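Trainee: Quick one, run28.csv (CSV, C-alpha atoms and all ligand atoms):
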chain,number,residue,atom,x,y,z
E,181,MET,CA,76.8,124.7,-95.6
E,182,LEU,CA,77.4,124.2,-99.3
E,183,SER,CA,81.1,124.7,-98.9
E,184,SER,CA,81.3,122.3,-96.0
E,185,ASN,CA,79.3,119.7,-98.0
E,186,ARG,CA,81.6,120.1,-100.9
E,187,ARG,CA,84.6,119.7,-98.6
E,188,VAL,CA,83.2,116.5,-97.2
E,189,CYS,CA,82.4,115.1,-100.6
E,190,GLY,CA,85.9,116.1,-101.8
E,191,VAL,CA,87.5,114.3,-98.9
E,192,GLY,CA,85.3,111.3,-99.6
E,193,ARG,CA,86.8,111.1,-103.1
E,194,ALA,CA,90.2,111.5,-101.7
E,195,HIS,CA,89.6,108.7,-99.3
E,196,THR,CA,88.7,106.3,-102.0
E,197,ALA,CA,91.8,107.2,-103.9
E,198,GLN,CA,93.9,106.9,-100.8
E,199,LEU,CA,92.4,103.5,-100.0
E,200,LYS,CA,93.2,102.3,-103.4
E,201,ARG,CA,96.8,103.3,-102.9
E,202,GLY,CA,96.7,101.7,-99.4
E,203,LYS,CA,97.3,105.0,-97.7
E,204,VAL,CA,96.0,106.2,-94.3
E,205,VAL,CA,92.6,107.9,-94.5
E,206,ALA,CA,91.0,110.7,-92.4
E,207,HIS,CA,90.2,109.6,-88.9
E,208,PRO,CA,86.6,110.2,-87.6
E,209,LEU,CA,85.9,112.4,-84.5
E,210,GLN,CA,82.8,112.5,-82.5
E,211,CYS,CA,81.5,113.3,-79.0
E,212,ARG,CA,79.9,110.5,-76.9
E,213,CYS,CA,76.3,111.5,-77.8
E,214,GLY,CA,77.0,112.1,-81.5
E,215,ALA,CA,75.9,115.7,-81.6
E,216,ILE,CA,79.5,116.8,-82.6
E,217,LYS,CA,81.0,115.0,-85.6
E,218,GLY,CA,84.0,115.5,-87.8
E,219,PHE,CA,87.2,114.1,-89.0
E,220,VAL,CA,91.0,114.6,-88.9
E,221,ASP,CA,92.6,114.8,-92.2
E,222,THR,CA,96.3,113.8,-92.8
E,223,PRO,CA,96.4,111.9,-89.5
E,224,LEU,CA,100.0,110.8,-89.9
E,225,SER,CA,101.2,114.4,-89.5
E,226,ALA,CA,100.1,114.3,-85.9
E,227,ASN,CA,102.2,113.9,-82.8
E,228,ARG,CA,100.8,111.4,-80.3
E,229,ALA,CA,101.8,112.1,-76.7
E,230,VAL,CA,100.7,111.3,-73.1
E,231,CYS,CA,100.7,114.2,-70.7
E,232,TYR,CA,100.6,113.6,-67.0
E,233,CYS,CA,100.3,117.2,-65.8
E,234,ARG,CA,97.9,118.1,-63.1
E,235,THR,CA,96.0,120.5,-65.2
E,236,CYS,CA,95.2,117.8,-67.8
E,237,GLN,CA,94.1,115.6,-64.9
E,238,ALA,CA,92.0,118.6,-63.6
E,239,PHE,CA,90.3,119.0,-66.9
E,240,ALA,CA,89.2,115.3,-66.8
E,241,HIS,CA,87.9,115.7,-63.3
E,242,PHE,CA,86.1,118.9,-64.2
E,243,LEU,CA,84.2,117.0,-66.9
E,244,GLY,CA,83.5,114.1,-64.5
E,245,ARG,CA,85.0,111.8,-67.1
E,246,GLU,CA,88.3,110.9,-65.5
E,247,ALA,CA,87.7,107.2,-65.7
E,248,GLU,CA,87.5,107.3,-69.5
E,249,ILE,CA,90.1,110.0,-70.1
E,250,LEU,CA,92.9,109.2,-67.7
E,251,ASP,CA,95.1,106.1,-67.8
E,252,GLU,CA,96.0,104.3,-64.6
E,253,ARG,CA,98.9,106.8,-64.0
E,254,GLY,CA,96.7,109.9,-64.5
E,255,GLY,CA,98.0,110.4,-68.1
E,256,THR,CA,95.9,112.0,-70.8
E,257,GLU,CA,96.6,110.8,-74.3
E,258,VAL,CA,96.6,113.7,-76.8
E,259,ILE,CA,96.9,113.8,-80.5
E,260,GLN,CA,98.5,117.0,-81.5
E,261,ILE,CA,97.6,118.4,-84.9
E,262,LEU,CA,97.3,121.6,-86.8
E,263,PRO,CA,93.7,122.8,-86.5
E,264,LYS,CA,93.5,123.1,-90.3
E,265,TYR,CA,93.4,119.3,-90.4
E,266,LEU,CA,90.3,119.2,-88.2
E,267,THR,CA,86.9,119.6,-89.8
E,268,LEU,CA,83.7,119.5,-87.8
E,269,THR,CA,80.8,118.4,-90.0
E,270,GLN,CA,78.1,119.0,-87.4
E,271,GLY,CA,77.5,120.2,-83.8
E,272,THR,CA,79.8,123.2,-83.7
E,273,GLU,CA,77.2,125.0,-81.7
E,274,ALA,CA,77.6,122.4,-79.0
E,275,LEU,CA,81.3,123.3,-78.4
E,276,ALA,CA,82.0,124.7,-75.0
E,277,CYS,CA,85.3,126.1,-73.7
E,278,MET,CA,86.8,126.3,-70.2
E,279,ARG,CA,90.0,127.5,-68.6
E,280,LEU,CA,91.2,126.3,-65.3
E,281,THR,CA,92.6,129.8,-64.7
E,282,GLN,CA,92.6,133.1,-66.6
E,283,LYS,CA,96.0,132.2,-68.0
E,284,GLY,CA,95.3,128.5,-68.7
E,285,LEU,CA,94.9,126.7,-72.0
E,286,HIS,CA,91.6,126.9,-73.8
E,287,ARG,CA,90.1,123.5,-73.1
E,288,TRP,CA,87.4,122.6,-75.6
E,289,TYR,CA,84.7,120.1,-74.9
E,290,ALA,CA,81.2,119.0,-76.0
E,291,GLY,CA,78.7,120.9,-73.9
E,292,CYS,CA,76.1,118.3,-74.7
E,293,CYS,CA,77.8,115.2,-73.1
E,294,LYS,CA,81.0,116.5,-71.5
E,295,THR,CA,83.3,114.7,-74.0
E,296,PRO,CA,86.7,116.5,-74.1
E,297,ILE,CA,87.7,117.6,-77.6
E,298,GLY,CA,91.0,119.3,-77.3
E,299,ASN,CA,93.3,122.0,-75.9
E,300,THR,CA,94.5,125.1,-77.8
E,301,LEU,CA,96.3,128.3,-76.9
E,302,GLY,CA,94.3,131.5,-76.8
E,303,ASN,CA,96.1,133.0,-79.8
E,304,PHE,CA,95.0,131.3,-82.9
E,305,LYS,CA,98.1,132.5,-84.8
E,306,ILE,CA,100.0,129.9,-82.8
E,307,SER,CA,98.1,127.2,-84.6
E,308,PHE,CA,97.8,124.0,-82.6
E,309,VAL,CA,95.3,121.7,-81.0
E,310,GLY,CA,96.0,118.7,-78.7
E,311,LEU,CA,92.9,116.5,-79.3
E,312,VAL,CA,92.0,114.3,-76.3
E,313,HIS,CA,91.9,110.7,-77.4
E,314,THR,CA,88.3,109.9,-76.2
E,315,CYS,CA,86.7,111.9,-79.1
E,316,LEU,CA,88.8,109.9,-81.6
E,317,GLU,CA,88.1,106.4,-80.4
E,318,THR,CA,86.2,104.4,-83.0
E,319,PRO,CA,85.5,100.6,-83.2
E,320,ASN,CA,86.7,100.6,-86.8
E,321,ARG,CA,90.2,101.9,-86.5
E,322,THR,CA,92.8,102.1,-83.7
E,323,LEU,CA,94.6,105.4,-82.9
E,324,GLN,CA,97.8,103.5,-83.7
E,325,ASP,CA,96.6,102.7,-87.2
E,326,SER,CA,95.7,106.3,-88.0
E,327,PHE,CA,98.2,108.4,-86.0
E,328,GLY,CA,101.1,106.0,-85.6
E,329,PRO,CA,102.7,105.1,-82.3
E,330,ILE,CA,102.8,107.3,-79.1
E,331,ARG,CA,106.1,109.2,-79.4
E,332,ALA,CA,106.2,111.4,-76.2
E,333,TRP,CA,105.5,111.0,-72.5
E,334,VAL,CA,105.6,114.4,-70.8
E,335,ASN,CA,105.2,115.9,-67.3
E,336,THR,CA,105.8,112.5,-65.9
E,337,LYS,CA,106.7,113.9,-62.4
E,338,SER,CA,103.0,114.5,-62.0
E,339,ALA,CA,102.1,110.9,-62.8
E,340,LYS,CA,100.3,108.9,-60.1
E,341,GLY,CA,102.3,106.3,-58.1
E,342,SER,CA,105.9,105.3,-58.4
E,343,PRO,CA,108.3,104.7,-60.0
E,344,LYS,CA,107.2,107.5,-62.4
E,345,PRO,CA,106.9,106.7,-66.1
E,346,LYS,CA,110.0,107.7,-68.1
E,347,THR,CA,110.0,111.1,-69.8
E,348,ALA,CA,110.6,110.7,-73.5
E,349,GLY,CA,110.1,112.6,-76.8
E,350,VAL,CA,110.1,116.1,-75.3
E,351,GLY,CA,112.6,117.4,-77.9
E,352,ARG,CA,110.7,115.7,-80.7
E,353,THR,CA,107.5,117.3,-79.5
E,354,ILE,CA,109.0,120.8,-79.3
E,355,LEU,CA,110.5,120.4,-82.8
E,356,TRP,CA,107.1,119.2,-84.1
E,357,PHE,CA,105.4,122.2,-82.4
E,358,ILE,CA,107.8,124.7,-83.9
E,359,ALA,CA,107.7,123.3,-87.4
E,360,ALA,CA,103.9,122.9,-87.5
E,361,THR,CA,103.1,126.3,-86.0
E,362,THR,CA,105.6,128.1,-88.2
E,363,LYS,CA,104.3,126.5,-91.3
E,364,ALA,CA,100.7,127.4,-90.4
E,365,ARG,CA,101.8,131.0,-89.7
E,366,MET,CA,103.7,131.4,-92.9
E,367,GLU,CA,101.0,130.0,-95.1
E,368,GLY,CA,98.2,131.7,-93.2
E,369,SER,CA,96.4,128.4,-92.6
E,370,TYR,CA,96.1,129.2,-88.9
E,371,ARG,CA,92.8,130.9,-89.9
E,372,HIS,CA,91.4,127.5,-90.7
E,373,THR,CA,90.2,126.3,-87.3
E,374,PRO,CA,86.9,125.3,-85.9
E,375,PHE,CA,87.7,127.0,-82.6
E,376,PHE,CA,88.3,130.6,-83.6
E,377,ARG,CA,86.7,133.1,-85.9
E,378,ALA,CA,88.8,133.4,-89.1
E,379,ASP,CA,88.3,137.2,-89.3
E,380,THR,CA,89.0,138.3,-85.7
E,381,GLY,CA,90.7,135.4,-84.1
E,382,ALA,CA,88.2,135.4,-81.3
E,383,PRO,CA,87.2,132.1,-79.8
E,384,ILE,CA,83.8,131.0,-81.2
E,385,VAL,CA,82.5,130.7,-77.7
E,386,THR,CA,83.7,132.7,-74.7
E,387,PRO,CA,85.8,130.5,-72.5
E,388,ARG,CA,84.7,130.2,-69.0
E,389,ALA,CA,87.5,130.4,-66.4
E,390,LEU,CA,86.8,128.6,-63.2
E,391,SER,CA,86.3,130.6,-60.0
E,392,SER,CA,88.9,130.0,-57.3
E,393,ALA,CA,86.4,127.9,-55.4
E,394,GLU,CA,85.7,125.7,-58.4
E,395,LEU,CA,89.4,125.4,-59.1
E,396,THR,CA,90.0,124.3,-55.4
E,397,SER,CA,87.3,121.8,-55.7
E,398,VAL,CA,88.6,120.3,-59.0
E,399,MET,CA,92.2,120.2,-57.7
E,400,SER,CA,91.1,118.4,-54.5
E,401,ALA,CA,89.4,115.8,-56.7
E,402,VAL,CA,92.7,115.4,-58.5
E,403,ASN,CA,94.6,115.1,-55.2
E,404,ALA,CA,92.1,112.6,-53.8
E,405,ALA,CA,92.5,110.4,-57.0
E,406,ARG,CA,96.3,110.5,-56.5
E,407,GLU,CA,96.0,109.1,-52.9
E,408,ASP,CA,94.7,105.8,-54.4
E,409,LEU,CA,98.2,104.9,-55.7
E,410,ARG,CA,100.3,106.2,-52.8
E,501,ZN,ZN,77.8,115.2,-77.3
E,502,ZN,ZN,98.9,118.3,-69.6
Let me see the structure of the file written as structure tokens.

Mentor:
Amino acid sequence: MLSSNRRVCGVGRAHTAQLKRGKVVAHPLQCRCGAIKGFVDTPLSANRAVCYCRTCQAFAHFLGREAEILDERGGTEVIQILPKYLTLTQGTEALACMRLTQKGLHRWYAGCCKTPIGNTLGNFKISFVGLVHTCLETPNRTLQDSFGPIRAWVNTKSAKGSPKPKTAGVGRTILWFIAATTKARMEGSYRHTPFFRADTGAPIVTPRALSSAELTSVMSAVNAAREDLR
């Protein structure tokens, strides 16, 4: 607790200094009910992207929050960062984790209020989290102000309706991913993550993979939502 307090205070001082220099400050994160709170440091190192894939749509439907999470074409805006830049200041015990299948991404959310937090791989050495925009929305600052413009639109074939949105920024996103994860691996900073234990690399909560019946039900909700725009 002491160390996290110290860290928060330290960041507070850094913010004041950054503000004086007119630089971007850490961006707050919280779940809808406020049990989970934290912040993203160094927001401008993020890659902002929209993913239209069916599994991201399925995650939104699983949470029952598709109206807030998905845009009108079924896209999920994600803010991709190194997990070391994410600090949770409270509510870590409320984190829950699901996987659509045994091989799927680890999809983290607030168990208290079903707010999506972000997606990671299962291996914490490949250091990466795609934060879902809803936990970063705040009346005081736009995502554009903190993280810069959206730079990538991916998996557009799975977007709802037609014509499909244009795919863009895939190369940039791959380069960002390689550079970020390599850096974290080389400096060992992949261990600084709220989602995995630093010593063993095990997820802090056991992810729950959906049963095939649950998956079928979620995917039919995704398909039904797509019918609207056909
Ligand atoms: Zn909550
Ligand atoms: Zn996706």

Trainee: If you count all atoms listed in the file, which residues end up within 12 Å of ligand ZN 501 (chain E), as an NGL selection string?

Mentor: :E and (209-217 or 270-276 or 289-297 or 314-315)

Trainee: Please extract the residues at most 10 Å from ligand ZN 502 (chain E), counting all atoms listed in the file, and provide them as number ranges by chain, using the chain letters and residue numbers of this document.

Mentor: E: 229-239, 255-258, 285, 299, 310, 334-336, 338

Trainee: Can you pull out the residues contacting E:His241? Cut-off 9 Å, using all atoms listed in the file, and skip same-chain residues under 5 positions away; I want them as number ranges by chain.

Mentor: E: 236, 246-247, 398-399, 401-402

Trainee: Determine, counting all atoms listed in the file, which protein, DNA and RNA residues have an atom within 9 Å of an atom of E:Ala382; residues of the same chain fewer than 4 positions away are not included. Present the result as a PyMOL selection string.

Mentor: chain E and resi 302-304+375-378+386

Trainee: Emit the selected residues as a CSV table (one decimal), in the frame of the given file, including C-alpha atoms.

Mentor:
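Final file, out.csv:
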chain,number,residue,atom,x,y,z
E,302,GLY,CA,94.3,131.5,-76.8
E,303,ASN,CA,96.1,133.0,-79.8
E,304,PHE,CA,95.0,131.3,-82.9
E,375,PHE,CA,87.7,127.0,-82.6
E,376,PHE,CA,88.3,130.6,-83.6
E,377,ARG,CA,86.7,133.1,-85.9
E,378,ALA,CA,88.8,133.4,-89.1
E,386,THR,CA,83.7,132.7,-74.7

Trainee: Quick one: everything within 7 Å of stretch 222-225 of chain E, counting only C-alpha atoms, minus sequence neighbours fewer than 6 positions away in the same chain. Send it as a short mmCIF file (atom, residue, chain, number, x, y, z; two decimals) with C-alpha atoms, in the coordinates of the input.

Mentor:
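Result went into selection-v7.cif, see below:
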data_model
loop_
_atom_site.label_atom_id
_atom_site.label_comp_id
_atom_site.auth_asym_id
_atom_site.auth_seq_id
_atom_site.Cartn_x
_atom_site.Cartn_y
_atom_site.Cartn_z
CA ALA E 206 91.00 110.70 -92.40
CA HIS E 207 90.20 109.60 -88.90
CA TYR E 265 93.40 119.30 -90.40
CA SER E 326 95.70 106.30 -88.00
CA PHE E 327 98.20 108.40 -86.00
CA GLY E 328 101.10 106.00 -85.60
#

Trainee: List as a PyMOL selection string the protein and nucleic acid residues near E:Leu266, meaning an atom at most 8 Å away when all atoms listed in the file are counted, but skip any in the same chain fewer than 4 places from it.

Mentor: chain E and resi 218-221+262+373-374

Trainee: For the selection just defined, write its residues with C-alpha atoms to a file, as a PDB file, keeping the file's coordinate frame.

Mentor:
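The result, stored in selection-v8.pdb:
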ATOM      1  CA  GLY E 218      84.000 115.500 -87.800  1.00  0.00           C
ATOM      2  CA  PHE E 219      87.200 114.100 -89.000  1.00  0.00           C
ATOM      3  CA  VAL E 220      91.000 114.600 -88.900  1.00  0.00           C
ATOM      4  CA  ASP E 221      92.600 114.800 -92.200  1.00  0.00           C
ATOM      5  CA  LEU E 262      97.300 121.600 -86.800  1.00  0.00           C
ATOM      6  CA  THR E 373      90.200 126.300 -87.300  1.00  0.00           C
ATOM      7  CA  PRO E 374      86.900 125.300 -85.900  1.00  0.00           C
TER       8      PRO E 374
END

Trainee: Applying 9 Å and only C-alpha atoms, which residues near E:Val350 remain after dropping the ones on its own chain fewer than 5 positions away? List them as a list in words.

Mentor: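 The residues that qualify are Arg331, Ala332, Trp333, Val334 and Leu355 of chain E.
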
Trainee: So the first atom is atom CA of E:Asp251 and the second is atom CA of E:Thr353; what is the distance between them in Å, to one decimal place?

Mentor: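 Interatomic distance here is 20.4 Å.
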
Trainee: E:Ile358, E:Leu390, E:Gly254, E:Ile259: which is nearest E:Leu323, counting only C-alpha atoms?

Mentor: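 Ranked by minimum distance to E:Leu323, first place goes to E:Ile259.
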
Trainee: Could I see stretch 322-347 of chain E restored to N, CA and C atoms, set down as a PDB file, in the coordinates of the input?

Mentor:
ATOM      1  N   THR E 322      92.094 101.767 -84.915  1.00  0.00           N
ATOM      2  CA  THR E 322      92.800 102.100 -83.700  1.00  0.00           C
ATOM      3  C   THR E 322      93.536 103.472 -83.924  1.00  0.00           C
ATOM      4  N   LEU E 323      93.856 104.137 -82.819  1.00  0.00           N
ATOM      5  CA  LEU E 323      94.600 105.400 -82.900  1.00  0.00           C
ATOM      6  C   LEU E 323      95.993 105.112 -83.500  1.00  0.00           C
ATOM      7  N   GLN E 324      96.527 103.954 -83.151  1.00  0.00           N
ATOM      8  CA  GLN E 324      97.800 103.500 -83.700  1.00  0.00           C
ATOM      9  C   GLN E 324      97.789 103.439 -85.211  1.00  0.00           C
ATOM     10  N   ASP E 325      96.728 102.845 -85.742  1.00  0.00           N
ATOM     11  CA  ASP E 325      96.600 102.700 -87.200  1.00  0.00           C
ATOM     12  C   ASP E 325      96.559 104.065 -87.882  1.00  0.00           C
ATOM     13  N   SER E 326      95.810 104.995 -87.296  1.00  0.00           N
ATOM     14  CA  SER E 326      95.700 106.300 -88.000  1.00  0.00           C
ATOM     15  C   SER E 326      96.824 107.228 -87.689  1.00  0.00           C
ATOM     16  N   PHE E 327      97.236 107.306 -86.430  1.00  0.00           N
ATOM     17  CA  PHE E 327      98.200 108.400 -86.000  1.00  0.00           C
ATOM     18  C   PHE E 327      99.593 107.869 -85.782  1.00  0.00           C
ATOM     19  N   GLY E 328      99.791 106.562 -85.889  1.00  0.00           N
ATOM     20  CA  GLY E 328     101.100 106.000 -85.600  1.00  0.00           C
ATOM     21  C   GLY E 328     101.294 105.863 -84.089  1.00  0.00           C
ATOM     22  N   PRO E 329     102.499 105.438 -83.671  1.00  0.00           N
ATOM     23  CA  PRO E 329     102.700 105.100 -82.300  1.00  0.00           C
ATOM     24  C   PRO E 329     102.789 106.413 -81.380  1.00  0.00           C
ATOM     25  N   ILE E 330     102.580 106.229 -80.068  1.00  0.00           N
ATOM     26  CA  ILE E 330     102.800 107.300 -79.100  1.00  0.00           C
ATOM     27  C   ILE E 330     104.312 107.603 -79.123  1.00  0.00           C
ATOM     28  N   ARG E 331     104.658 108.883 -79.243  1.00  0.00           N
ATOM     29  CA  ARG E 331     106.100 109.200 -79.400  1.00  0.00           C
ATOM     30  C   ARG E 331     106.595 110.079 -78.215  1.00  0.00           C
ATOM     31  N   ALA E 332     105.697 110.502 -77.327  1.00  0.00           N
ATOM     32  CA  ALA E 332     106.200 111.400 -76.200  1.00  0.00           C
ATOM     33  C   ALA E 332     105.396 111.089 -74.953  1.00  0.00           C
ATOM     34  N   TRP E 333     106.114 111.144 -73.827  1.00  0.00           N
ATOM     35  CA  TRP E 333     105.500 111.000 -72.500  1.00  0.00           C
ATOM     36  C   TRP E 333     106.055 112.202 -71.708  1.00  0.00           C
ATOM     37  N   VAL E 334     105.174 113.127 -71.371  1.00  0.00           N
ATOM     38  CA  VAL E 334     105.600 114.400 -70.800  1.00  0.00           C
ATOM     39  C   VAL E 334     105.002 114.670 -69.431  1.00  0.00           C
ATOM     40  N   ASN E 335     105.674 115.533 -68.669  1.00  0.00           N
ATOM     41  CA  ASN E 335     105.200 115.900 -67.300  1.00  0.00           C
ATOM     42  C   ASN E 335     105.035 114.679 -66.427  1.00  0.00           C
ATOM     43  N   THR E 336     105.961 113.731 -66.577  1.00  0.00           N
ATOM     44  CA  THR E 336     105.800 112.500 -65.900  1.00  0.00           C
ATOM     45  C   THR E 336     105.991 112.593 -64.354  1.00  0.00           C
ATOM     46  N   LYS E 337     106.588 113.705 -63.904  1.00  0.00           N
ATOM     47  CA  LYS E 337     106.700 113.900 -62.400  1.00  0.00           C
ATOM     48  C   LYS E 337     105.366 113.973 -61.777  1.00  0.00           C
ATOM     49  N   SER E 338     104.347 114.387 -62.535  1.00  0.00           N
ATOM     50  CA  SER E 338     103.000 114.500 -62.000  1.00  0.00           C
ATOM     51  C   SER E 338     102.181 113.230 -62.143  1.00  0.00           C
ATOM     52  N   ALA E 339     102.831 112.160 -62.626  1.00  0.00           N
ATOM     53  CA  ALA E 339     102.100 110.900 -62.800  1.00  0.00           C
ATOM     54  C   ALA E 339     101.776 110.330 -61.402  1.00  0.00           C
ATOM     55  N   LYS E 340     100.717 109.532 -61.348  1.00  0.00           N
ATOM     56  CA  LYS E 340     100.300 108.900 -60.100  1.00  0.00           C
ATOM     57  C   LYS E 340     101.260 107.713 -59.812  1.00  0.00           C
ATOM     58  N   GLY E 341     101.510 107.448 -58.540  1.00  0.00           N
ATOM     59  CA  GLY E 341     102.300 106.300 -58.100  1.00  0.00           C
ATOM     60  C   GLY E 341     103.744 106.377 -58.440  1.00  0.00           C
ATOM     61  N   SER E 342     104.493 105.321 -58.101  1.00  0.00           N
ATOM     62  CA  SER E 342     105.900 105.300 -58.400  1.00  0.00           C
ATOM     63  C   SER E 342     106.362 103.880 -58.683  1.00  0.00           C
ATOM     64  N   PRO E 343     107.444 103.643 -59.410  1.00  0.00           N
ATOM     65  CA  PRO E 343     108.300 104.700 -60.000  1.00  0.00           C
ATOM     66  C   PRO E 343     107.480 105.440 -61.109  1.00  0.00           C
ATOM     67  N   LYS E 344     107.908 106.677 -61.384  1.00  0.00           N
ATOM     68  CA  LYS E 344     107.200 107.500 -62.400  1.00  0.00           C
ATOM     69  C   LYS E 344     107.550 106.907 -63.798  1.00  0.00           C
ATOM     70  N   PRO E 345     106.624 107.091 -64.729  1.00  0.00           N
ATOM     71  CA  PRO E 345     106.900 106.700 -66.100  1.00  0.00           C
ATOM     72  C   PRO E 345     108.128 107.530 -66.611  1.00  0.00           C
ATOM     73  N   LYS E 346     108.869 106.982 -67.565  1.00  0.00           N
ATOM     74  CA  LYS E 346     110.000 107.700 -68.100  1.00  0.00           C
ATOM     75  C   LYS E 346     109.579 108.825 -69.029  1.00  0.00           C
ATOM     76  N   THR E 347     110.206 109.991 -68.873  1.00  0.00           N
ATOM     77  CA  THR E 347     110.000 111.100 -69.800  1.00  0.00           C
ATOM     78  C   THR E 347     110.656 110.761 -71.117  1.00  0.00           C
TER      79      THR E 347
END
